[in-house]
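Structure, as structure tokens:
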Amino acid sequence: MSDTGAKLRGRIEPPTLVAIREAANLLRAGDIVGMPTETVYGLAADALNPDAVKKIFAAKGRPADHPLIVHLPSADHLPRWAASIPKDAVALARAFWPGPLTLILKRTSDVPIEVTGGQDTVGLRVPSHPIALAMLQVFDSGIAAPSANRFGRISPTTAVHVQEELGDRVAMIVDGGPCEVGIESTILDFSRDVPEILRPGAITADDIAHVIGRRPRVRGEAAPALVADNAPASPAPRVSGALAAHYAPRTPLRLVEPALLVEEAVTLAGEGSRVAVLARVVCNPQDSRLIWQTMPTESAAYAQELYASLRAMDALSADFILIEALPLDADWRAVADRLGRASVGAGVRDDPPS
Ligand code: TXA
Ligand code: MG
């Protein structure tokens with residue numbers, strides 16, 4: 001633990017107070033670090049330091065006009081970042097923070113445009129992961145953090161995933177264990193006339209309606225669950241989670257109705273393809289040519305395992321990943337959204353253009 005000698009970049013550190021302080025110091029010095037949250041791991045930088053924020057975009061290969069979420073130690077920090085805070089936003093922050101809800105609000109002039117992709121709004125959330133909260137409390141300011149994956153790829157839900165994605169592009173990675181929620185936060189836009197969910201997550205439209213007494217608009221709700229691109233009615237903010245091709249494995253991926261899953265897998269295997277299947281309720285046909293994994297039947301448990309399973313399946317270098325299509329119920333919406341986008345972007349073996 002000596003401070004002499006160069007420490008290896010990209011190393012994973014257990015979440016001790018020493019490591020948390022070191023991470024906060026690295027952030028203060030303008031470096032970037034891997035940070036656990038309850039949703040997915042984040043790629044963290046000092047949100048008030050434009051040069052540090054630029055390092056995030058460089059490390060991810062992400063276009064500079066895609067805004068970042070700023071993580072706060074508590075709702076008490078809101079006034080520094082948000083110029084106007086509607087009372088419904090306050091009520092939601094009280095109800096769901098710390099937790100997987102991001103609020104899009106008008107930004108103050110303190111917020112660098114590098115963070116907001118040039119927009120006049122900022123995404124804010126207080127994460128509930130104890131290590132993220134500890135880092136934020138020690139840092140005592142806003143931490144900008146997108147998911148710690150290369151642009152367009154599968155979000156990381158363990159420290160090792162971050163290392164695989166970013167290697168020594170990050171100074172260090174604080175290990176907070178596997179993420180509990182497993183998919184990214186719900187994004188709720190308060191910057192326009194009606195609150196609108198831009199990205200579904202663990203906190204649903206009904207959860208929000210329960211607190212504010214009205215149902216938010218949900219982008220793309222009228223359309224089928226697995227649409228490619230949801231064109232909003234009015235000019236909408238840019239949300240990289242809204243790109244059709246996102247969260248994508250390199251192996252071609254198809255969503256298949258439960259009734260057709262075995263038949264399609266067996267047919268492809270019969271043609272000589274290596275097929276990996278992510279099933280849910282369909283039983284394993286015990287065909288030795290197939291790589292078969294059964295996912296949890298409940299949506300929250302499924303979400304928690306989703307990205308790690310996709311990553312593991314992708315590592316098999318199969319010719320196809322077949323995924324059992326999900327129920328259409330509201331509690332599957334966030335997972336279905338991620339799988340729909342993964343299937344659109346899948347099969348691109350080189351890094352996507354940024
Ligand atoms: O759960 C999460 O939200 C994770 C963890 C690390 O907190 N973060 C995350 O960040 O998913 P990222 O950058 O991968 O996705 C954030 C999304 C992007 O699609 C971005 O475009 C959108 O939030 N976003 C951020 N600020 C915005 C703004 N001002 N207006 C509209 N969308 C915004
Ligand atoms: Mg992301």
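Labels for the structure tokens follow display order: chains A, B, ..., residues from 1 in each chain, ligands from 1.
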Hey, what does DSSP flag as strand (DSSP E) within range 7-248 of chain A? Can you give it to me as a PyMOL selection string? chain A and resi 11-13+33-35+42-46+69-71+101-106+121-125+143-144+172-174+186-189+196-199+217-218
Set out as JSON lines a contact list for chain A and ligand 1 with a cut-off of 7 Å, giving each residue of chain A that qualifies its closest atom pair and distance in Å to one decimal, counting only C-alpha atoms and all ligand atoms, ordered by chain and rising residue number.
{"residue": "A:Thr37", "atom": "CA", "partner": "ligand 1", "partner_atom_place_in_ligand_line": "6 (C)", "distance": 6.1}
{"residue": "A:Thr39", "atom": "CA", "partner": "ligand 1", "partner_atom_place_in_ligand_line": "1 (O)", "distance": 4.7}
{"residue": "A:Val40", "atom": "CA", "partner": "ligand 1", "partner_atom_place_in_ligand_line": "5 (C)", "distance": 5.3}
{"residue": "A:Tyr41", "atom": "CA", "partner": "ligand 1", "partner_atom_place_in_ligand_line": "6 (C)", "distance": 5.2}
{"residue": "A:Gly42", "atom": "CA", "partner": "ligand 1", "partner_atom_place_in_ligand_line": "6 (C)", "distance": 3.7}
{"residue": "A:Leu43", "atom": "CA", "partner": "ligand 1", "partner_atom_place_in_ligand_line": "6 (C)", "distance": 6.9}
{"residue": "A:His66", "atom": "CA", "partner": "ligand 1", "partner_atom_place_in_ligand_line": "21 (O)", "distance": 5.0}
{"residue": "A:Pro67", "atom": "CA", "partner": "ligand 1", "partner_atom_place_in_ligand_line": "26 (N)", "distance": 4.3}
{"residue": "A:Leu68", "atom": "CA", "partner": "ligand 1", "partner_atom_place_in_ligand_line": "25 (C)", "distance": 4.3}
{"residue": "A:Ile69", "atom": "CA", "partner": "ligand 1", "partner_atom_place_in_ligand_line": "25 (C)", "distance": 4.6}
{"residue": "A:Pro100", "atom": "CA", "partner": "ligand 1", "partner_atom_place_in_ligand_line": "1 (O)", "distance": 6.0}
{"residue": "A:Thr102", "atom": "CA", "partner": "ligand 1", "partner_atom_place_in_ligand_line": "3 (O)", "distance": 6.5}
{"residue": "A:Ile104", "atom": "CA", "partner": "ligand 1", "partner_atom_place_in_ligand_line": "29 (N)", "distance": 5.5}
{"residue": "A:Thr116", "atom": "CA", "partner": "ligand 1", "partner_atom_place_in_ligand_line": "29 (N)", "distance": 5.3}
{"residue": "A:Gln119", "atom": "CA", "partner": "ligand 1", "partner_atom_place_in_ligand_line": "29 (N)", "distance": 6.3}
{"residue": "A:Thr121", "atom": "CA", "partner": "ligand 1", "partner_atom_place_in_ligand_line": "29 (N)", "distance": 4.3}
{"residue": "A:Val122", "atom": "CA", "partner": "ligand 1", "partner_atom_place_in_ligand_line": "29 (N)", "distance": 3.7}
{"residue": "A:Gly123", "atom": "CA", "partner": "ligand 1", "partner_atom_place_in_ligand_line": "26 (N)", "distance": 4.1}
{"residue": "A:Pro127", "atom": "CA", "partner": "ligand 1", "partner_atom_place_in_ligand_line": "7 (O)", "distance": 6.8}
{"residue": "A:Ala145", "atom": "CA", "partner": "ligand 1", "partner_atom_place_in_ligand_line": "6 (C)", "distance": 5.4}
{"residue": "A:Pro146", "atom": "CA", "partner": "ligand 1", "partner_atom_place_in_ligand_line": "13 (O)", "distance": 3.3}
{"residue": "A:Ser147", "atom": "CA", "partner": "ligand 1", "partner_atom_place_in_ligand_line": "14 (O)", "distance": 4.0}
{"residue": "A:Ile183", "atom": "CA", "partner": "ligand 1", "partner_atom_place_in_ligand_line": "1 (O)", "distance": 6.7}
{"residue": "A:Glu184", "atom": "CA", "partner": "ligand 1", "partner_atom_place_in_ligand_line": "1 (O)", "distance": 3.4}
{"residue": "A:Ser185", "atom": "CA", "partner": "ligand 1", "partner_atom_place_in_ligand_line": "1 (O)", "distance": 3.7}
{"residue": "A:Ile187", "atom": "CA", "partner": "ligand 1", "partner_atom_place_in_ligand_line": "23 (O)", "distance": 6.6}
{"residue": "A:Pro237", "atom": "CA", "partner": "ligand 1", "partner_atom_place_in_ligand_line": "31 (C)", "distance": 4.6}
{"residue": "A:Arg238", "atom": "CA", "partner": "ligand 1", "partner_atom_place_in_ligand_line": "21 (O)", "distance": 5.4}
{"residue": "A:Val239", "atom": "CA", "partner": "ligand 1", "partner_atom_place_in_ligand_line": "21 (O)", "distance": 3.1}
{"residue": "A:Ser240", "atom": "CA", "partner": "ligand 1", "partner_atom_place_in_ligand_line": "19 (O)", "distance": 3.7}
{"residue": "A:Gly241", "atom": "CA", "partner": "ligand 1", "partner_atom_place_in_ligand_line": "19 (O)", "distance": 3.9}
{"residue": "A:Ala242", "atom": "CA", "partner": "ligand 1", "partner_atom_place_in_ligand_line": "19 (O)", "distance": 6.4}
What does the file look like for those residues with C-alpha atoms, as a PDB file, in the first residue's frame?
ATOM      1  CA  THR A  37     -23.404   1.394  -8.641  1.00  0.00           C
ATOM      2  CA  THR A  39     -27.475  -0.533 -11.649  1.00  0.00           C
ATOM      3  CA  VAL A  40     -24.252  -1.029 -13.647  1.00  0.00           C
ATOM      4  CA  TYR A  41     -20.624   0.029 -13.150  1.00  0.00           C
ATOM      5  CA  GLY A  42     -19.888   3.650 -14.016  1.00  0.00           C
ATOM      6  CA  LEU A  43     -16.856   5.325 -15.572  1.00  0.00           C
ATOM      7  CA  HIS A  66     -24.049  12.288 -25.776  1.00  0.00           C
ATOM      8  CA  PRO A  67     -24.741  13.721 -22.323  1.00  0.00           C
ATOM      9  CA  LEU A  68     -23.558  12.108 -19.077  1.00  0.00           C
ATOM     10  CA  ILE A  69     -25.424  11.490 -15.830  1.00  0.00           C
ATOM     11  CA  PRO A 100     -32.013   3.803  -9.830  1.00  0.00           C
ATOM     12  CA  THR A 102     -32.232   9.683 -13.092  1.00  0.00           C
ATOM     13  CA  ILE A 104     -33.393  15.311 -16.295  1.00  0.00           C
ATOM     14  CA  THR A 116     -24.485  17.841 -20.986  1.00  0.00           C
ATOM     15  CA  GLN A 119     -27.819  20.759 -23.914  1.00  0.00           C
ATOM     16  CA  THR A 121     -30.424  20.112 -19.166  1.00  0.00           C
ATOM     17  CA  VAL A 122     -28.543  17.721 -16.906  1.00  0.00           C
ATOM     18  CA  GLY A 123     -29.239  14.153 -15.791  1.00  0.00           C
ATOM     19  CA  PRO A 127     -27.042   5.973  -6.478  1.00  0.00           C
ATOM     20  CA  ALA A 145     -20.418   8.565 -14.881  1.00  0.00           C
ATOM     21  CA  PRO A 146     -21.768   6.782 -17.913  1.00  0.00           C
ATOM     22  CA  SER A 147     -21.814   2.989 -17.934  1.00  0.00           C
ATOM     23  CA  ILE A 183     -29.673  -2.689 -15.899  1.00  0.00           C
ATOM     24  CA  GLU A 184     -29.331   1.077 -16.119  1.00  0.00           C
ATOM     25  CA  SER A 185     -31.465   3.567 -14.203  1.00  0.00           C
ATOM     26  CA  ILE A 187     -34.443   8.191 -16.970  1.00  0.00           C
ATOM     27  CA  PRO A 237     -32.854  15.249 -25.989  1.00  0.00           C
ATOM     28  CA  ARG A 238     -30.209  12.909 -27.287  1.00  0.00           C
ATOM     29  CA  VAL A 239     -30.154   9.714 -25.287  1.00  0.00           C
ATOM     30  CA  SER A 240     -27.557   7.175 -26.299  1.00  0.00           C
ATOM     31  CA  GLY A 241     -29.704   4.521 -24.631  1.00  0.00           C
ATOM     32  CA  ALA A 242     -32.250   5.409 -27.292  1.00  0.00           C
TER      33      ALA A 242
END
Of A:Ala58, A:Val174, A:Arg199, A:Lys7, the one nearest to ligand 2 when counting only C-alpha atoms and all ligand atoms is A:Arg199
Find, counting only C-alpha atoms, the residue in A:Met313, A:Leu17, A:Ala171, A:Ala308 that gets nearest to Gly30 in chain A.
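Once distances to Gly30 in chain A are computed over only C-alpha atoms, the minimum belongs to A:Ala171.
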Quick one: of A:Pro216, A:Asp110, A:Gly99, A:Ala276, who's nearest to Phe190 in chain A, counting only C-alpha atoms?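 The closest residue to Phe190 in chain A is A:Pro216.
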Exercise for the section: Would you mind reading off the distance between CA of Ala330 in chain A and CA of Thr204 in chain A, one decimal, in Å? Expected result: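 Pair CA of Ala330 in chain A / CA of Thr204 in chain A returns 7.9 Å.
If you count only C-alpha atoms and ignore residues fewer than 3 places along the chain from Pro50 in chain A, what sits within 8 Å of it is Ala47, Val53, Lys54, Pro112, Glu114 and Val115 of chain A.
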Just to be explicit: take each residue in the selection above, keep all heavy atoms, and write the result as a PDB file, in the first residue's frame.
ATOM      1  N   ALA A  47     -17.290  15.880 -12.308  1.00  0.00           N
ATOM      2  CA  ALA A  47     -18.240  16.484 -13.252  1.00  0.00           C
ATOM      3  C   ALA A  47     -17.992  17.973 -13.466  1.00  0.00           C
ATOM      4  O   ALA A  47     -18.511  18.550 -14.418  1.00  0.00           O
ATOM      5  CB  ALA A  47     -19.669  16.245 -12.773  1.00  0.00           C
ATOM      6  N   VAL A  53     -13.795  15.145 -17.835  1.00  0.00           N
ATOM      7  CA  VAL A  53     -14.985  14.635 -18.520  1.00  0.00           C
ATOM      8  C   VAL A  53     -14.643  14.196 -19.948  1.00  0.00           C
ATOM      9  O   VAL A  53     -15.112  13.165 -20.436  1.00  0.00           O
ATOM     10  CB  VAL A  53     -16.104  15.702 -18.492  1.00  0.00           C
ATOM     11  CG1 VAL A  53     -17.253  15.313 -19.405  1.00  0.00           C
ATOM     12  CG2 VAL A  53     -16.596  15.904 -17.052  1.00  0.00           C
ATOM     13  N   LYS A  54     -13.763  14.963 -20.590  1.00  0.00           N
ATOM     14  CA  LYS A  54     -13.359  14.585 -21.959  1.00  0.00           C
ATOM     15  C   LYS A  54     -12.681  13.220 -21.978  1.00  0.00           C
ATOM     16  O   LYS A  54     -12.771  12.487 -22.957  1.00  0.00           O
ATOM     17  CB  LYS A  54     -12.416  15.641 -22.536  1.00  0.00           C
ATOM     18  CG  LYS A  54     -13.148  16.899 -22.984  1.00  0.00           C
ATOM     19  CD  LYS A  54     -12.162  17.872 -23.616  1.00  0.00           C
ATOM     20  CE  LYS A  54     -12.798  19.242 -23.776  1.00  0.00           C
ATOM     21  NZ  LYS A  54     -11.815  20.322 -23.776  1.00  0.00           N
ATOM     22  N   PRO A 112     -20.644  22.021 -16.626  1.00  0.00           N
ATOM     23  CA  PRO A 112     -19.913  22.177 -17.891  1.00  0.00           C
ATOM     24  C   PRO A 112     -20.704  21.593 -19.068  1.00  0.00           C
ATOM     25  O   PRO A 112     -21.357  20.556 -18.918  1.00  0.00           O
ATOM     26  CB  PRO A 112     -18.633  21.359 -17.683  1.00  0.00           C
ATOM     27  CG  PRO A 112     -18.523  21.109 -16.228  1.00  0.00           C
ATOM     28  CD  PRO A 112     -19.907  21.167 -15.663  1.00  0.00           C
ATOM     29  N   GLU A 114     -19.546  20.115 -21.490  1.00  0.00           N
ATOM     30  CA  GLU A 114     -18.975  18.804 -21.842  1.00  0.00           C
ATOM     31  C   GLU A 114     -19.812  17.675 -21.229  1.00  0.00           C
ATOM     32  O   GLU A 114     -19.902  16.587 -21.789  1.00  0.00           O
ATOM     33  CB  GLU A 114     -17.527  18.687 -21.339  1.00  0.00           C
ATOM     34  CG  GLU A 114     -16.516  19.486 -22.146  1.00  0.00           C
ATOM     35  CD  GLU A 114     -16.524  20.974 -21.816  1.00  0.00           C
ATOM     36  OE1 GLU A 114     -17.281  21.406 -20.917  1.00  0.00           O
ATOM     37  OE2 GLU A 114     -15.768  21.710 -22.473  1.00  0.00           O
ATOM     38  N   VAL A 115     -20.394  17.947 -20.038  1.00  0.00           N
ATOM     39  CA  VAL A 115     -21.200  16.936 -19.348  1.00  0.00           C
ATOM     40  C   VAL A 115     -22.552  16.766 -20.041  1.00  0.00           C
ATOM     41  O   VAL A 115     -23.081  15.658 -20.148  1.00  0.00           O
ATOM     42  CB  VAL A 115     -21.418  17.337 -17.868  1.00  0.00           C
ATOM     43  CG1 VAL A 115     -22.464  16.449 -17.202  1.00  0.00           C
ATOM     44  CG2 VAL A 115     -20.105  17.276 -17.100  1.00  0.00           C
TER      45      VAL A 115
END
Option closest in space to ligand 2, from A:Ala148, A:Ala45, A:Ile197, A:Val282 [counting only C-alpha atoms and all ligand atoms]:
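Residue with the minimum atom-to-atom distance to ligand 2: A:Ala148.
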